[in-house]
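This is data.pdb (PDB, C-alpha atoms).
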```
ATOM      1  CA  MET P   1     106.113 100.080  95.753
ATOM      2  CA  ALA P   2     106.767 103.744  96.463
ATOM      3  CA  GLU P   3     110.221 103.455  94.874
ATOM      4  CA  SER P   4     108.671 103.723  91.401
ATOM      5  CA  LEU P   5     107.371 107.183  92.413
ATOM      6  CA  LEU P   6     110.434 108.409  94.255
ATOM      7  CA  SER P   7     112.606 107.753  91.221
ATOM      8  CA  ARG P   8     110.420 110.163  89.192
ATOM      9  CA  LEU P   9     110.451 113.107  91.579
ATOM     10  CA  PRO P  10     111.674 116.469  90.280
ATOM     11  CA  GLU P  11     114.856 118.005  91.648
ATOM     12  CA  CYS P  12     112.941 120.639  93.593
ATOM     13  CA  ALA P  13     109.395 121.586  94.564
ATOM     14  CA  GLU P  14     107.818 124.222  96.795
ATOM     15  CA  ARG P  15     104.244 122.947  97.282
ATOM     16  CA  VAL P  16     103.680 119.197  97.523
ATOM     17  CA  LEU P  17     100.611 117.104  98.374
ATOM     18  CA  ASP P  18     100.839 113.496  99.558
ATOM     19  CA  LEU P  19      97.348 112.205  98.773
ATOM     20  CA  GLY P  20      96.299 109.373 101.072
ATOM     21  CA  CYS P  21      99.346 109.786 103.267
ATOM     22  CA  GLY P  22      98.411 107.138 105.841
ATOM     23  CA  PRO P  23     100.860 107.113 108.769
ATOM     24  CA  GLY P  24     103.040 109.645 106.992
ATOM     25  CA  GLU P  25     106.249 107.898 105.970
ATOM     26  CA  MET P  26     106.252 109.173 102.388
ATOM     27  CA  ALA P  27     105.149 112.687 103.345
ATOM     28  CA  ALA P  28     108.006 112.912 105.850
ATOM     29  CA  SER P  29     110.451 111.638 103.208
ATOM     30  CA  LEU P  30     109.218 114.287 100.780
ATOM     31  CA  ALA P  31     109.660 117.020 103.391
ATOM     32  CA  GLU P  32     113.214 115.852 104.028
ATOM     33  CA  ARG P  33     114.016 115.568 100.330
ATOM     34  CA  PHE P  34     112.746 119.023  99.310
ATOM     35  CA  GLY P  35     113.849 120.858 102.445
ATOM     36  CA  SER P  36     112.515 123.735 104.511
ATOM     37  CA  SER P  37     111.603 125.868 101.488
ATOM     38  CA  CYS P  38     108.927 123.312 100.542
ATOM     39  CA  THR P  39     105.486 122.999 102.149
ATOM     40  CA  VAL P  40     104.349 119.367 102.200
ATOM     41  CA  VAL P  41     100.701 118.559 102.927
ATOM     42  CA  GLY P  42      99.881 115.028 104.062
ATOM     43  CA  LEU P  43      96.182 114.421 103.426
ATOM     44  CA  ASP P  44      94.165 111.418 104.547
ATOM     45  CA  LEU P  45      90.502 110.644 105.096
ATOM     46  CA  ALA P  46      91.165 108.826 108.392
ATOM     47  CA  PRO P  47      91.813 111.011 111.474
ATOM     48  CA  GLY P  48      93.457 108.056 113.207
ATOM     49  CA  MET P  49      96.085 107.805 110.482
ATOM     50  CA  LEU P  50      96.843 111.504 110.794
ATOM     51  CA  GLU P  51      97.203 111.213 114.573
ATOM     52  CA  VAL P  52      99.816 108.495 114.073
ATOM     53  CA  ALA P  53     101.542 110.591 111.404
ATOM     54  CA  TYR P  54     101.720 113.623 113.695
ATOM     55  CA  ARG P  55     102.992 111.615 116.680
ATOM     56  CA  THR P  56     105.654 109.989 114.516
ATOM     57  CA  HIS P  57     106.777 112.857 112.296
ATOM     58  CA  GLY P  58     105.671 116.054 114.055
ATOM     59  CA  ASN P  59     105.280 119.388 112.276
ATOM     60  CA  ALA P  60     107.614 118.778 109.350
ATOM     61  CA  VAL P  61     104.432 118.146 107.345
ATOM     62  CA  ARG P  62     101.071 119.929 107.415
ATOM     63  CA  TRP P  63      98.635 117.111 108.241
ATOM     64  CA  LEU P  64      95.170 117.594 106.775
ATOM     65  CA  CYS P  65      92.011 115.494 107.012
ATOM     66  CA  GLY P  66      90.056 115.458 103.761
ATOM     67  CA  ASP P  67      88.417 113.557 100.934
ATOM     68  CA  ALA P  68      90.366 112.981  97.721
ATOM     69  CA  ALA P  69      87.183 113.675  95.749
ATOM     70  CA  ALA P  70      86.649 117.069  97.452
ATOM     71  CA  LEU P  71      90.081 118.396  98.387
ATOM     72  CA  PRO P  72      90.132 121.182 101.009
ATOM     73  CA  LEU P  73      92.802 123.031  99.016
ATOM     74  CA  GLU P  74      92.743 126.130  96.839
ATOM     75  CA  ASP P  75      92.832 126.049  93.045
ATOM     76  CA  THR P  76      96.336 125.849  91.505
ATOM     77  CA  SER P  77      97.883 125.680  94.970
ATOM     78  CA  GLN P  78     100.116 122.624  94.479
ATOM     79  CA  GLU P  79     103.171 122.064  92.344
ATOM     80  CA  LEU P  80     103.398 118.299  92.836
ATOM     81  CA  VAL P  81     100.989 115.584  93.965
ATOM     82  CA  VAL P  82     102.270 112.176  95.035
ATOM     83  CA  SER P  83      99.965 109.303  95.916
ATOM     84  CA  ASN P  84     100.969 105.734  96.736
ATOM     85  CA  LEU P  85      98.249 103.049  96.906
ATOM     86  CA  ALA P  86      95.345 105.308  97.824
ATOM     87  CA  ILE P  87      93.079 106.159  94.896
ATOM     88  CA  GLN P  88      92.083 102.533  94.236
ATOM     89  CA  TRP P  89      89.890 102.800  97.347
ATOM     90  CA  CYS P  90      88.114 105.923  96.035
ATOM     91  CA  PRO P  91      84.762 105.052  94.406
ATOM     92  CA  ASP P  92      84.692 108.077  92.051
ATOM     93  CA  LEU P  93      87.944 108.115  90.080
ATOM     94  CA  ASP P  94      86.725 110.888  87.773
ATOM     95  CA  ALA P  95      86.124 113.190  90.747
ATOM     96  CA  VAL P  96      89.529 112.423  92.265
ATOM     97  CA  LEU P  97      91.465 113.184  89.089
ATOM     98  CA  ALA P  98      89.380 116.299  88.443
ATOM     99  CA  GLU P  99      90.296 117.517  91.938
ATOM    100  CA  LEU P 100      93.972 116.820  91.365
ATOM    101  CA  ARG P 101      93.839 118.805  88.136
ATOM    102  CA  ARG P 102      92.076 121.661  89.940
ATOM    103  CA  VAL P 103      94.651 122.008  92.726
ATOM    104  CA  LEU P 104      97.722 121.603  90.492
ATOM    105  CA  ARG P 105      99.413 124.666  89.064
ATOM    106  CA  PRO P 106      99.832 124.893  85.282
ATOM    107  CA  GLY P 107     102.873 122.746  84.567
ATOM    108  CA  GLY P 108     102.385 120.804  87.804
ATOM    109  CA  ARG P 109     102.640 117.053  87.984
ATOM    110  CA  ALA P 110     100.882 114.128  89.687
ATOM    111  CA  LEU P 111     102.732 110.877  90.357
ATOM    112  CA  ILE P 112     100.377 108.083  91.352
ATOM    113  CA  ASN P 113     100.627 104.416  92.217
ATOM    114  CA  THR P 114      97.371 102.499  92.155
ATOM    115  CA  LEU P 115      96.259  98.912  91.630
ATOM    116  CA  GLY P 116      94.797  97.256  88.548
ATOM    117  CA  PRO P 117      92.843  94.080  87.723
ATOM    118  CA  GLY P 118      94.613  90.879  88.700
ATOM    119  CA  THR P 119      95.725  92.310  92.025
ATOM    120  CA  LEU P 120      95.323  89.760  94.850
ATOM    121  CA  ALA P 121      94.206  87.092  92.376
ATOM    122  CA  GLU P 122      95.496  84.311  94.630
ATOM    123  CA  VAL P 123      93.592  85.706  97.604
ATOM    124  CA  GLY P 124      90.413  85.838  95.542
ATOM    125  CA  ARG P 125      90.798  82.198  94.469
ATOM    126  CA  ALA P 126      91.440  81.045  98.021
ATOM    127  CA  TRP P 127      88.357  82.750  99.448
ATOM    128  CA  SER P 128      85.944  82.234  96.542
ATOM    129  CA  ARG P 129      82.715  80.309  97.101
ATOM    130  CA  PRO P 130      79.902  79.599  94.629
ATOM    131  CA  GLY P 131      77.375  82.423  94.623
ATOM    132  CA  GLN P 132      79.276  84.550  97.120
ATOM    133  CA  PRO P 133      81.671  87.453  96.505
ATOM    134  CA  THR P 134      85.168  87.261  97.973
ATOM    135  CA  GLY P 135      84.926  90.688  99.614
ATOM    136  CA  LEU P 136      87.763  92.079  97.474
ATOM    137  CA  LEU P 137      87.472  95.342  95.586
ATOM    138  CA  SER P 138      87.211  95.274  91.785
ATOM    139  CA  PHE P 139      90.202  97.246  90.546
ATOM    140  CA  ARG P 140      89.998  99.630  87.577
ATOM    141  CA  ASP P 141      92.139  99.015  84.494
ATOM    142  CA  ALA P 142      94.653 101.301  82.758
ATOM    143  CA  ALA P 143      92.132 102.396  80.111
ATOM    144  CA  HIS P 144      89.771 103.618  82.833
ATOM    145  CA  HIS P 145      92.543 105.724  84.377
ATOM    146  CA  ARG P 146      93.564 107.160  81.011
ATOM    147  CA  GLY P 147      89.988 108.143  80.251
ATOM    148  CA  ALA P 148      89.537 109.811  83.640
ATOM    149  CA  ALA P 149      92.824 111.706  83.265
ATOM    150  CA  TRP P 150      91.935 113.066  79.821
ATOM    151  CA  ALA P 151      88.450 114.006  81.040
ATOM    152  CA  ALA P 152      89.992 115.897  83.964
ATOM    153  CA  GLY P 153      92.036 118.001  81.536
ATOM    154  CA  PHE P 154      95.576 116.716  82.025
ATOM    155  CA  ARG P 155      97.660 117.620  78.997
ATOM    156  CA  ARG P 156     100.017 114.638  79.165
ATOM    157  CA  LEU P 157      99.867 111.246  80.775
ATOM    158  CA  ASP P 158     102.010 108.171  81.050
ATOM    159  CA  CYS P 159     100.587 104.950  82.475
ATOM    160  CA  ARG P 160     102.786 101.918  83.064
ATOM    161  CA  GLU P 161     101.739  98.562  84.459
ATOM    162  CA  HIS P 162     103.799  95.789  85.955
ATOM    163  CA  ALA P 163     103.325  92.915  88.368
ATOM    164  CA  LEU P 164     104.938  92.688  91.787
ATOM    165  CA  ARG P 165     104.914  89.392  93.647
ATOM    166  CA  PHE P 166     105.471  88.842  97.333
ATOM    167  CA  HIS P 167     105.606  85.621  99.342
ATOM    168  CA  TYR P 168     104.457  84.845 102.873
ATOM    169  CA  PRO P 169     104.844  81.819 105.163
ATOM    170  CA  ASP P 170     101.150  81.190 105.849
ATOM    171  CA  LEU P 171      97.599  82.484 105.382
ATOM    172  CA  THR P 172      97.749  84.576 108.563
ATOM    173  CA  ALA P 173     100.731  86.487 107.186
ATOM    174  CA  VAL P 174      98.987  86.925 103.818
ATOM    175  CA  MET P 175      95.886  88.404 105.419
ATOM    176  CA  ALA P 176      97.964  90.727 107.630
ATOM    177  CA  SER P 177      99.799  91.988 104.560
ATOM    178  CA  ILE P 178      96.694  92.853 102.560
ATOM    179  CA  LYS P 179      95.086  94.485 105.599
ATOM    180  CA  GLY P 180      98.155  96.718 105.709
ATOM    181  CA  VAL P 181      97.304  98.182 102.297
ATOM    182  CA  GLY P 182      93.593  98.460 103.086
ATOM    183  CA  ALA P 183      92.343  95.362 101.251
ATOM    184  CA  GLN P 184      90.345  92.939 103.345
ATOM    185  CA  THR P 185      88.144  89.953 102.711
ATOM    186  CA  SER P 186      84.754  89.692 104.315
ATOM    187  CA  ARG P 187      81.981  87.145 104.508
ATOM    188  CA  PRO P 188      78.630  88.773 103.688
ATOM    189  CA  GLY P 189      76.128  88.326 106.481
ATOM    190  CA  GLY P 190      78.487  87.360 109.269
ATOM    191  CA  GLN P 191      81.919  86.581 110.612
ATOM    192  CA  LEU P 192      84.318  84.112 109.076
ATOM    193  CA  THR P 193      83.961  80.614 110.543
ATOM    194  CA  ARG P 194      86.677  78.068 111.241
ATOM    195  CA  ALA P 195      85.430  76.141 108.222
ATOM    196  CA  ASP P 196      85.904  79.248 106.048
ATOM    197  CA  LEU P 197      89.458  79.692 107.303
ATOM    198  CA  ALA P 198      90.326  76.024 106.860
ATOM    199  CA  ARG P 199      88.913  76.010 103.326
ATOM    200  CA  ALA P 200      90.852  79.126 102.353
ATOM    201  CA  ALA P 201      94.068  77.812 103.890
ATOM    202  CA  HIS P 202      93.714  74.522 102.015
ATOM    203  CA  ARG P 203      93.148  76.293  98.690
ATOM    204  CA  TYR P 204      96.047  78.667  99.260
ATOM    205  CA  GLU P 205      98.389  75.798 100.119
ATOM    206  CA  ALA P 206      97.731  74.376  96.645
ATOM    207  CA  MET P 207      99.281  77.589  95.247
ATOM    208  CA  ARG P 208     102.380  77.460  97.454
ATOM    209  CA  GLU P 209     105.686  78.123  95.723
ATOM    210  CA  PRO P 210     109.196  77.410  97.017
ATOM    211  CA  GLU P 211     109.395  80.981  98.389
ATOM    212  CA  GLY P 212     106.040  80.731 100.188
ATOM    213  CA  LEU P 213     102.392  81.651  99.530
ATOM    214  CA  PRO P 214     102.257  84.139  96.622
ATOM    215  CA  VAL P 215     100.448  87.498  96.573
ATOM    216  CA  THR P 216     100.412  89.387  93.270
ATOM    217  CA  TYR P 217      99.867  93.119  92.851
ATOM    218  CA  ARG P 218      99.265  94.662  89.422
ATOM    219  CA  LEU P 219     100.779  98.083  89.919
ATOM    220  CA  LEU P 220      99.696 101.018  87.747
ATOM    221  CA  THR P 221     102.092 103.965  87.845
ATOM    222  CA  LEU P 222     100.628 107.200  86.459
ATOM    223  CA  GLU P 223     102.514 110.372  85.602
ATOM    224  CA  LEU P 224     100.128 113.240  84.799
ATOM    225  CA  ASP P 225     101.101 116.752  83.696
ATOM    226  CA  ALA P 226      98.702 119.641  84.237
TER     227      ALA P 226
END
```

Once you've parsed the file, please lay out its structure as structure tokens.
Amino acid sequence: MAESLLSRLPECAERVLDLGCGPGEMAASLAERFGSSCTVVGLDLAPGMLEVAYRTHGNAVRWLCGDAAALPLEDTSQELVVSNLAIQWCPDLDAVLAELRRVLRPGGRALINTLGPGTLAEVGRAWSRPGQPTGLLSFRDAAHHRGAAWAAGFRRLDCREHALRFHYPDLTAVMASIKGVGAQTSRPGGQLTRADLARAAHRYEAMREPEGLPVTYRLLTLELDA
């Protein structure tokens, strides 16, 4: 999914923030792309992710632990912000975009991938039970992101939405894949039982396609100019 961001990168940049960098693959790619004259900051809320990033990629990136809604960065200190599949987990979108606007220089740009409604629809159907939530996050739509961007003071925005579909051999592989992007199902009040798993597997099998069990992501790609 990061390819839709990488294709929009400028030719050069000197100060770059990877927001929600996780284990650091994109931050390291940005450091390699822009070279030694560029300072890349990889920021994540989880210290464990940053430890993995440092062990894997070393000092090519400045690894920083922080909250997207309260960035530990100076005003107008960044030329470019890149974020792939991170801000959908932030409860206060307005605060996140306001912080991005604060740390971007005039003329700076934010390139963001996030997830919209309809994401993981098949997973939700498989795990749904009457009167009980599926444990999946409710994703914000494009209009919500546009409103938050204008409120934050961005002077230009482009928001594009498209669906990406992946296929997996079985329910175990499906659940491993969504855990990898931070989306997990849970059963309120206790652990999943064998009956829960069997019910979900049976429902998912009814959605099987020739390529395997489908998982749909509704990807929102935002380009914001400060």

Exercise. Could you tell me which residues the PyMOL selection byres ((chain P and resi 143-153) around 8) returns for this structure, as a PyMOL selection string?
Key: chain P and resi 93-94+97-98+101+140-142+154-155+157+159+224+226

How close does segment 54-132 of chain P get to segment 161-172 of chain P? List, as JSON lines, each residue of segment 54-132 of chain P within 12 Å, its nearest atom pair and the distance in Å to one decimal, counting all atoms listed in the file.
```
{"residue": "P:Ile112", "atom": "CA", "partner": "P:Glu161", "partner_atom": "CA", "distance": 11.8}
{"residue": "P:Asn113", "atom": "CA", "partner": "P:Glu161", "partner_atom": "CA", "distance": 9.8}
{"residue": "P:Thr114", "atom": "CA", "partner": "P:Glu161", "partner_atom": "CA", "distance": 9.7}
{"residue": "P:Leu115", "atom": "CA", "partner": "P:Glu161", "partner_atom": "CA", "distance": 9.0}
{"residue": "P:Gly116", "atom": "CA", "partner": "P:Glu161", "partner_atom": "CA", "distance": 8.2}
{"residue": "P:Pro117", "atom": "CA", "partner": "P:Glu161", "partner_atom": "CA", "distance": 10.5}
{"residue": "P:Gly118", "atom": "CA", "partner": "P:Ala163", "partner_atom": "CA", "distance": 9.0}
{"residue": "P:Thr119", "atom": "CA", "partner": "P:Ala163", "partner_atom": "CA", "distance": 8.5}
{"residue": "P:Leu120", "atom": "CA", "partner": "P:Arg165", "partner_atom": "CA", "distance": 9.7}
{"residue": "P:Ala121", "atom": "CA", "partner": "P:Arg165", "partner_atom": "CA", "distance": 11.0}
{"residue": "P:Glu122", "atom": "CA", "partner": "P:Arg165", "partner_atom": "CA", "distance": 10.7}
{"residue": "P:Val123", "atom": "CA", "partner": "P:Leu171", "partner_atom": "CA", "distance": 9.3}
{"residue": "P:Ala126", "atom": "CA", "partner": "P:Leu171", "partner_atom": "CA", "distance": 9.7}
{"residue": "P:Trp127", "atom": "CA", "partner": "P:Leu171", "partner_atom": "CA", "distance": 11.0}
```

Exercise. Considering all atoms listed in the file, state which residue in the set P:Ala60, P:Val174, P:Val52, P:Leu17 is at the smallest distance from Thr216 of chain P.
Key: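 Among the listed residues, P:Val174 lies closest to Thr216 of chain P.
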
Exercise. Determine the residue membership of the PyMOL selection byres ((chain P and resi 75) around 10) for the file above and supply it as a VMD selection string.
Key: chain P and resid 71 to 74 76 to 78 99 to 105

Practice problem: Kindly give the distance, in Å, that separates atom CA of Gln88 of chain P and atom CA of Phe139 of chain P, rounded to a single decimal. | Solution: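 Result for atom CA of Gln88 of chain P versus atom CA of Phe139 of chain P: 6.7 Å, one decimal.
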